[in-house]
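Presented below is the structure to which this report refers.
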Amino acid sequence: MATTPRQWLKRLRDANLIPNKPSLSAPPAIAHNGQGAFIPPLHSLHITYAKYTLGRGGNSKGVTSYILSNYLAVFARDHPYIAISVSPALKPTVTATYMNQQSATVDLAGMQPDEVRKTLKRLAEVQSPHSLLKGSRYPVPVLSGKRKSDAAPQWNPLTAPESQTYRP
Amino acid sequence: MKLPQNTSTISAPATGSTAQSLKVTPSPAKPSPLTDFNTVPVPVPGPIKLGTWGDDTKKALSLIYHQPSYYAIVEIKQRPYHVHLNDVVITMRMNDCKLGDVLQLDRVREIGSMEYILQGNPYLHPDYIDIKAVVIEHPAAKEVVRQHWKKRGHDKIVRNRSHHTALRISEINIKKPPPT
């Protein structure tokens with residue numbers, strides 16, 4: 001039979017002629033952080049400041065005073081696993097890159113040093129930029145895997161709770 | 001008008017009986033848990049010390065020890081959670097905890113498996129059980145915006161965002177009896 005589009009794409013991917021990225025419909029990998037060892041999710045922070053408007057006011061006063069004061073050094077000391085870099089640019093921003101290779105950019109224009117500190121603290125506490133920017137609603141307080149029925153006690157008429165008992 | 005110099009004496013009204021003047025001297029401030037939150041720790045009663053384990057206790061614990069997997073009902077911040085190994089528990093935010101901190105959960109109501117259940121009264125002794133949780137994240141929930149449009153202006157908009165701490169249950173173990 002004729003080759004389908006899916007088959008063509010598979011051939012091209014196997015031959016490395018098109019980028020081999022995982023599809024959006026594929027299920028994401030299950031996170032196991034904390035099961036054996038805990039690896040902090042935030043890898044790097046790239047802070048930029050607006051170079052050309054520094055002497056004339058500008059929107060980078062908070063960022064520059066945050067960098068020049070002790071704040072950034074204290075943050076770097078408390079989080080030794082984060083790679084922090086600073087560079088001049090056109091706008092004051094901070095780009096955070098996480099363990100799942102996702103990155104988020106937060107605009108720091110017009111912020112005070114304390115607000116910059118809080119933004120970096122928020123970025124360091126979160127697992128991925130999605131939960132930072134949008135937030136998540138947790139319908140249940142415990143997120144568990146599929147094998148939890150292995151530990152469920154067998155139904156026993158003498159000790160079963162009312163919620164697990166059917167009375168016709 | 002000249003004010004009396006000794007302002008700390010309070011003299012009782014002269015009603016014929018001997019009026020004794022009460023001196024109010026300020027006592028030195030003693031540190032107490034109510035005033036010094038950071039320096040004086042509040043004593044928390046710990047679990048009682050166990051002696052040698054009885055034979056019945058050892059038999060019961062060995063029955064449940066040899067089960068393949070457990071569940072546990074633990075209390076975190078006085079709220080019960082039904083957990084298994086490698087579950088993520090979303091609790092109220094705990095600012096004292098940093099990412100990677102390991103918490104030993106000692107308020108365990110119940111631990112069980114397919115065939116056996118061990119219930120506490122109200123809690124189980126930590127010498128029998130070891131449950132550990134790792135702090136993995138401090139997430140913030142989606143912002144909830146409540147809006148009330150009033151007829152003659154003065155509309156109300158209330159924004160609420162709740163903050164949480166995510167804990168991964170890294171260990172649920174039943175301990176062996178201490179060597180005699």
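In the structure tokens, the first chain shown is A, the next is B, and so on; residue numbers restart at 1 for each chain, and ligands run from 1 in the order shown.
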
For this session: Return as a ChimeraX atom specification the residues belonging to chain B that are within 8 Å of chain A, counting only C-alpha atoms.
Result: /B:69-71,81-84,86-91,99-100,112-117,134-143,168-170

Exercise. Just asking: which residues within range 41-129 of chain A are alpha helix (DSSP H) according to DSSP, as a ChimeraX atom specification?
Worked result: /A:61-68,71-78,113-125,129

Store the residues picked out above in a file with N, CA and C atoms, as a compact mmCIF listing (two decimals), in the first residue's frame.
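Result file selection_30.txt:
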```txt
# COMPACT_ATOMS: atom_id res chain seq x y z
N LYS A 61 16.84 50.43 37.95
CA LYS A 61 17.43 50.86 39.23
C LYS A 61 17.37 49.74 40.25
N GLY A 62 16.20 49.07 40.31
CA GLY A 62 16.02 48.00 41.29
C GLY A 62 16.96 46.84 41.01
N VAL A 63 17.06 46.47 39.75
CA VAL A 63 17.91 45.33 39.39
C VAL A 63 19.37 45.62 39.68
N THR A 64 19.82 46.83 39.32
CA THR A 64 21.24 47.15 39.52
C THR A 64 21.57 47.26 41.00
N SER A 65 20.67 47.86 41.78
CA SER A 65 20.98 47.94 43.21
C SER A 65 20.90 46.56 43.86
N TYR A 66 20.05 45.69 43.32
CA TYR A 66 20.00 44.31 43.83
C TYR A 66 21.32 43.59 43.57
N ILE A 67 21.87 43.82 42.37
CA ILE A 67 23.12 43.14 42.01
C ILE A 67 24.28 43.70 42.81
N LEU A 68 24.35 45.07 42.94
CA LEU A 68 25.50 45.70 43.58
C LEU A 68 25.48 45.55 45.09
N TYR A 71 22.44 41.46 48.27
CA TYR A 71 21.30 40.57 48.03
C TYR A 71 21.64 39.40 47.11
N LEU A 72 22.24 39.73 45.96
CA LEU A 72 22.49 38.68 44.97
C LEU A 72 23.51 37.68 45.49
N ALA A 73 24.52 38.18 46.22
CA ALA A 73 25.54 37.28 46.77
C ALA A 73 24.92 36.34 47.79
N VAL A 74 24.00 36.86 48.61
CA VAL A 74 23.33 36.03 49.62
C VAL A 74 22.48 34.97 48.92
N PHE A 75 21.79 35.37 47.87
CA PHE A 75 20.97 34.40 47.12
C PHE A 75 21.84 33.32 46.50
N ALA A 76 22.98 33.73 45.94
CA ALA A 76 23.87 32.76 45.31
C ALA A 76 24.49 31.82 46.34
N ARG A 77 24.76 32.35 47.53
CA ARG A 77 25.32 31.51 48.58
C ARG A 77 24.29 30.49 49.08
N ASP A 78 23.03 30.93 49.18
CA ASP A 78 21.99 30.03 49.68
C ASP A 78 21.59 28.99 48.65
N PRO A 113 14.36 46.71 44.62
CA PRO A 113 15.23 45.55 44.91
C PRO A 113 14.52 44.45 45.70
N ASP A 114 13.63 44.84 46.59
CA ASP A 114 12.92 43.83 47.37
C ASP A 114 12.01 43.00 46.49
N GLU A 115 11.38 43.65 45.50
CA GLU A 115 10.51 42.91 44.59
C GLU A 115 11.32 41.96 43.71
N VAL A 116 12.52 42.40 43.32
CA VAL A 116 13.40 41.54 42.53
C VAL A 116 13.79 40.31 43.35
N ARG A 117 14.08 40.56 44.64
CA ARG A 117 14.44 39.45 45.53
C ARG A 117 13.31 38.44 45.63
N LYS A 118 12.06 38.95 45.76
CA LYS A 118 10.91 38.05 45.90
C LYS A 118 10.69 37.27 44.60
N THR A 119 10.91 37.93 43.46
CA THR A 119 10.72 37.23 42.18
C THR A 119 11.71 36.08 42.06
N LEU A 120 12.97 36.33 42.41
CA LEU A 120 13.98 35.27 42.29
C LEU A 120 13.67 34.15 43.29
N LYS A 121 13.18 34.52 44.46
CA LYS A 121 12.83 33.50 45.46
C LYS A 121 11.69 32.61 44.94
N ARG A 122 10.69 33.24 44.30
CA ARG A 122 9.59 32.48 43.72
C ARG A 122 10.09 31.56 42.62
N LEU A 123 11.01 32.04 41.80
CA LEU A 123 11.53 31.23 40.72
C LEU A 123 12.30 30.03 41.25
N ALA A 124 12.97 30.19 42.39
CA ALA A 124 13.78 29.10 42.93
C ALA A 124 12.95 28.05 43.63
N GLU A 125 11.71 28.40 44.00
CA GLU A 125 10.90 27.46 44.80
C GLU A 125 10.06 26.53 43.95
N PRO A 129 8.13 26.40 35.00
CA PRO A 129 7.58 27.75 34.82
C PRO A 129 6.07 27.76 34.67
```

For this session: Give the answer as one residue: which of B:Asp56, B:Asp96, B:Asp130, B:Asp101 has the shortest atom-to-atom distance to Val74 in chain B, using only C-alpha atoms?
Result: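 Smallest separation from Val74 in chain B among the options: B:Asp130.
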
For this session: Identify, on the basis of only C-alpha atoms, every residue whose closest approach to Lys132 in chain B does not exceed 7 Å; exclude the query and any residue fewer than 5 positions from it along the same chain; express the result as a list in words.
Result: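 Residues near the query, excluding close chain neighbours: Val102, Leu103, Gln104, Leu105, Ile169, Ser170, Glu171 and Ile172 of chain B.
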
Can you write just those residues out, all heavy atoms, as a PDB file, in the first residue's frame?
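What follows is the written file selection34.pdb:
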```pdb
ATOM      1  N   VAL B 102      14.346  16.910  54.635  1.00  0.00           N
ATOM      2  CA  VAL B 102      13.687  15.628  54.898  1.00  0.00           C
ATOM      3  C   VAL B 102      12.941  15.762  56.220  1.00  0.00           C
ATOM      4  O   VAL B 102      13.527  16.133  57.231  1.00  0.00           O
ATOM      5  CB  VAL B 102      14.718  14.487  54.971  1.00  0.00           C
ATOM      6  CG1 VAL B 102      14.020  13.173  55.257  1.00  0.00           C
ATOM      7  CG2 VAL B 102      15.484  14.389  53.681  1.00  0.00           C
ATOM      8  N   LEU B 103      11.642  15.490  56.198  1.00  0.00           N
ATOM      9  CA  LEU B 103      10.821  15.569  57.397  1.00  0.00           C
ATOM     10  C   LEU B 103      10.496  14.171  57.888  1.00  0.00           C
ATOM     11  O   LEU B 103      10.105  13.310  57.105  1.00  0.00           O
ATOM     12  CB  LEU B 103       9.504  16.299  57.099  1.00  0.00           C
ATOM     13  CG  LEU B 103       9.584  17.674  56.476  1.00  0.00           C
ATOM     14  CD1 LEU B 103       8.192  18.171  56.180  1.00  0.00           C
ATOM     15  CD2 LEU B 103      10.288  18.650  57.365  1.00  0.00           C
ATOM     16  N   GLN B 104      10.643  13.983  59.185  1.00  0.00           N
ATOM     17  CA  GLN B 104      10.273  12.707  59.805  1.00  0.00           C
ATOM     18  C   GLN B 104       8.847  12.882  60.324  1.00  0.00           C
ATOM     19  O   GLN B 104       8.601  13.731  61.191  1.00  0.00           O
ATOM     20  CB  GLN B 104      11.233  12.431  60.966  1.00  0.00           C
ATOM     21  CG  GLN B 104      11.067  11.081  61.602  1.00  0.00           C
ATOM     22  CD  GLN B 104      12.103  10.090  61.098  1.00  0.00           C
ATOM     23  OE1 GLN B 104      13.206  10.491  60.739  1.00  0.00           O
ATOM     24  NE2 GLN B 104      11.776   8.836  61.056  1.00  0.00           N
ATOM     25  N   LEU B 105       7.910  12.106  59.798  1.00  0.00           N
ATOM     26  CA  LEU B 105       6.509  12.263  60.204  1.00  0.00           C
ATOM     27  C   LEU B 105       6.239  11.348  61.386  1.00  0.00           C
ATOM     28  O   LEU B 105       6.334  10.126  61.278  1.00  0.00           O
ATOM     29  CB  LEU B 105       5.594  11.911  59.023  1.00  0.00           C
ATOM     30  CG  LEU B 105       5.851  12.689  57.745  1.00  0.00           C
ATOM     31  CD1 LEU B 105       4.930  12.222  56.645  1.00  0.00           C
ATOM     32  CD2 LEU B 105       5.680  14.170  57.953  1.00  0.00           C
ATOM     33  N   ILE B 169       6.601  11.491  49.653  1.00  0.00           N
ATOM     34  CA  ILE B 169       6.806  10.481  50.690  1.00  0.00           C
ATOM     35  C   ILE B 169       7.888   9.533  50.175  1.00  0.00           C
ATOM     36  O   ILE B 169       7.672   8.757  49.240  1.00  0.00           O
ATOM     37  CB  ILE B 169       5.496   9.706  50.955  1.00  0.00           C
ATOM     38  CG1 ILE B 169       4.358  10.661  51.280  1.00  0.00           C
ATOM     39  CG2 ILE B 169       5.692   8.690  52.054  1.00  0.00           C
ATOM     40  CD1 ILE B 169       4.481  11.377  52.583  1.00  0.00           C
ATOM     41  N   SER B 170       9.071   9.636  50.755  1.00  0.00           N
ATOM     42  CA  SER B 170      10.193   8.863  50.226  1.00  0.00           C
ATOM     43  C   SER B 170      10.366   7.525  50.925  1.00  0.00           C
ATOM     44  O   SER B 170      10.977   6.625  50.370  1.00  0.00           O
ATOM     45  CB  SER B 170      11.483   9.676  50.360  1.00  0.00           C
ATOM     46  OG  SER B 170      11.657  10.083  51.688  1.00  0.00           O
ATOM     47  N   GLU B 171       9.836   7.379  52.144  1.00  0.00           N
ATOM     48  CA  GLU B 171      10.022   6.125  52.885  1.00  0.00           C
ATOM     49  C   GLU B 171       8.808   5.837  53.729  1.00  0.00           C
ATOM     50  O   GLU B 171       8.309   6.739  54.413  1.00  0.00           O
ATOM     51  CB  GLU B 171      11.207   6.243  53.851  1.00  0.00           C
ATOM     52  CG  GLU B 171      12.533   5.865  53.271  1.00  0.00           C
ATOM     53  CD  GLU B 171      13.636   6.000  54.300  1.00  0.00           C
ATOM     54  OE1 GLU B 171      13.391   5.694  55.476  1.00  0.00           O
ATOM     55  OE2 GLU B 171      14.714   6.445  53.925  1.00  0.00           O
ATOM     56  N   ILE B 172       8.328   4.580  53.662  1.00  0.00           N
ATOM     57  CA  ILE B 172       7.381   4.078  54.671  1.00  0.00           C
ATOM     58  C   ILE B 172       7.939   2.733  55.102  1.00  0.00           C
ATOM     59  O   ILE B 172       7.889   1.754  54.355  1.00  0.00           O
ATOM     60  CB  ILE B 172       5.953   3.913  54.117  1.00  0.00           C
ATOM     61  CG1 ILE B 172       5.418   5.224  53.555  1.00  0.00           C
ATOM     62  CG2 ILE B 172       5.032   3.434  55.207  1.00  0.00           C
ATOM     63  CD1 ILE B 172       4.014   5.128  53.002  1.00  0.00           C
TER      64      ILE B 172
END
```
